[in-house]
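A short write-up of the structure that comes next.
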Amino acid sequence: MMATSSPVCNFGWPAVDFELEDTQGARHSLATLRGPQGLLLMFICNHCPYVKAIIDRLCRDARQVQALGFGVAAIMSNDPADYPEDSFANMQRIARQLDFPFPYLYDATQDVARAYGAVCTPDFFAFNRRLELQYRGRLDASGRLPAAPEVRRELVEAMQLIAETGRGPTDQTASIGCSIKWRA
């Protein structure tokens, strides 16, 4: 496993529309996912130790972000042929088991990950109400370790700022995780 970091935020970059199926068979696009304040897209997967380490906090924080008026969705873009733990059936199982409060979308062609420039899991893209990118940072500073009680909830803080001002924080620390597993 090799850790990869996401690039810095390209403020104002417009969200690219897509249509993907979630683990319950529903189709989603930007129009169906966005909330009145904007949208948080998270590229995650089932097998990545970085995602596994934060998944409970990710679900907790997603609920808080939704309460701020943002739509939230997770996208899995890895190639399950090489990573069977990331299969659609396993996506369904994980989403059910962990009671995901957001749609878990399958990017079978990997076109959405390419369009967004996703590089790792987790990789966060937070858009304001005009669907302009405002945050491309991390969940928090804990990485693969258990979070200390006093750890700053950087993603939630950024989403609160975007809800209040339409702009993300100028100081952002890139997310780190496993690289997207591209098809050959």
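Ordering of the structure tokens sets the chain letters (A, B, ...); residue numbers start at 1 within each chain; ligands are numbered from 1 in the order shown.
Near A:Trp13, within 10 Å and counting only C-alpha atoms, sit A:Tyr116, A:Phe127, A:Leu131, A:Glu132, A:Leu133, A:Gln134, not including residues fewer than 6 positions from it in the same chain.
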**Study point:** Test item: residues at most 12 Å from A:Arg167, only C-alpha atoms, excluding those fewer than 6 positions along its chain, as a ChimeraX atom specification
**Key:** /A:9-12,37-38,126-135,157-161
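Distance check against A:Met91 using only C-alpha atoms: of A:Gly25, A:Gly143, A:Gly69, A:Gly168, the minimum falls on A:Gly25.
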Exercise for review: Rank A:Val16, A:Ala147, A:Val119, A:Val156 by their smallest atom-to-atom distance to A:Val65, using only C-alpha atoms, and report the top residue only.
Suggested key: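 Of the candidates, the smallest distance to A:Val65 is held by A:Val156.
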Review point. Could you pull the residues within 8 Å of A:His47, counting only C-alpha atoms, minus those fewer than 6 positions along the same chain, as a PyMOL selection string?
Key: chain A and resi 83+85-86
Practice item. From stretch 15-166 of chain A, collect each residue whose DSSP state is strand (DSSP E or B) and return the set as a PyMOL selection string. Key: chain A and resi 20-22+27-28+38-43+70-76+104-106+120-121+123-127+132-135
Would you give me, as JSON lines, each residue of stretch 11-116 of chain A having an atom within 6 Å of an atom of stretch 177-184 of chain A, along with its shortest atom pair and that distance in Å to one decimal, using only C-alpha atoms and sorting by chain and residue number?
{"residue": "A:Tyr50", "atom": "CA", "partner": "A:Gly177", "partner_atom": "CA", "distance": 5.5}
{"residue": "A:Asn78", "atom": "CA", "partner": "A:Lys181", "partner_atom": "CA", "distance": 4.7}
{"residue": "A:Asp79", "atom": "CA", "partner": "A:Lys181", "partner_atom": "CA", "distance": 5.7}
Please produce a file of the residues just selected, as a PDB file, in the first residue's frame, where the atoms kept are C-alpha atoms.
ATOM      1  CA  TYR A  50      -7.275   4.997   5.653  1.00  0.00           C
ATOM      2  CA  ASN A  78     -11.642   1.403  -7.745  1.00  0.00           C
ATOM      3  CA  ASP A  79     -11.309  -1.562 -10.083  1.00  0.00           C
TER       4      ASP A  79
END
Point to revise | Proximity to A:Ile55 - best of A:Thr173, A:Thr165, A:Thr32, A:Thr121, only C-alpha atoms | key: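 Result for the nearest residue to A:Ile55: A:Thr121.
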Point to revise | Nearest-residue call for A:Arg60, choices A:Ala81, A:Leu139, A:Ile176, A:Cys120, using only C-alpha atoms | key: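 Using only C-alpha atoms, A:Arg60 sits closest to A:Leu139.
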Check your understanding: Could you pull out the helix (DSSP H, G or I) residues of stretch 3-111 of chain A from DSSP and send them as an NGL selection string?
Key -> :A and (30-33 or 49-67 or 84-86 or 88-97 or 111)
Point to revise | A:Asp56 environment, 12 Å, only C-alpha atoms, sequence neighbours closer than 6 positions dropped, as a list in words | key: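 Final neighbour list, sorted by chain and number: Tyr50, Ala62, Arg63, Ile94, Ala95, Gln97, Leu98, Asp99, Phe100, Pro101, Leu139, Pro146 and Ala147 of chain A.
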Check your understanding: Got a sec: who's within 10 Å of A:Gln24, counting only C-alpha atoms, leaving out chain neighbours fewer than 5 positions off, as an NGL selection string?
Key -> :A and (92 or 95-96 or 103-105)
Point to revise | Option closest in space to A:Val151, from A:Arg57, A:Thr4, A:Asn46, A:Asp82 [counting only C-alpha atoms] | key: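 Answer, going by the shortest atom-to-atom distance: A:Arg57.
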Review point. Using only C-alpha atoms, which residues sit within 12 Å of A:Leu20 once same-chain residues fewer than 6 positions away are excluded, as a PyMOL selection string?
Key: chain A and resi 26-30+32-33+73-77+103-113
Check your understanding: So what do you get for atom CA of A:Phe124 versus atom CA of A:Asp22, distance-wise?
Key -> 18.1 Å
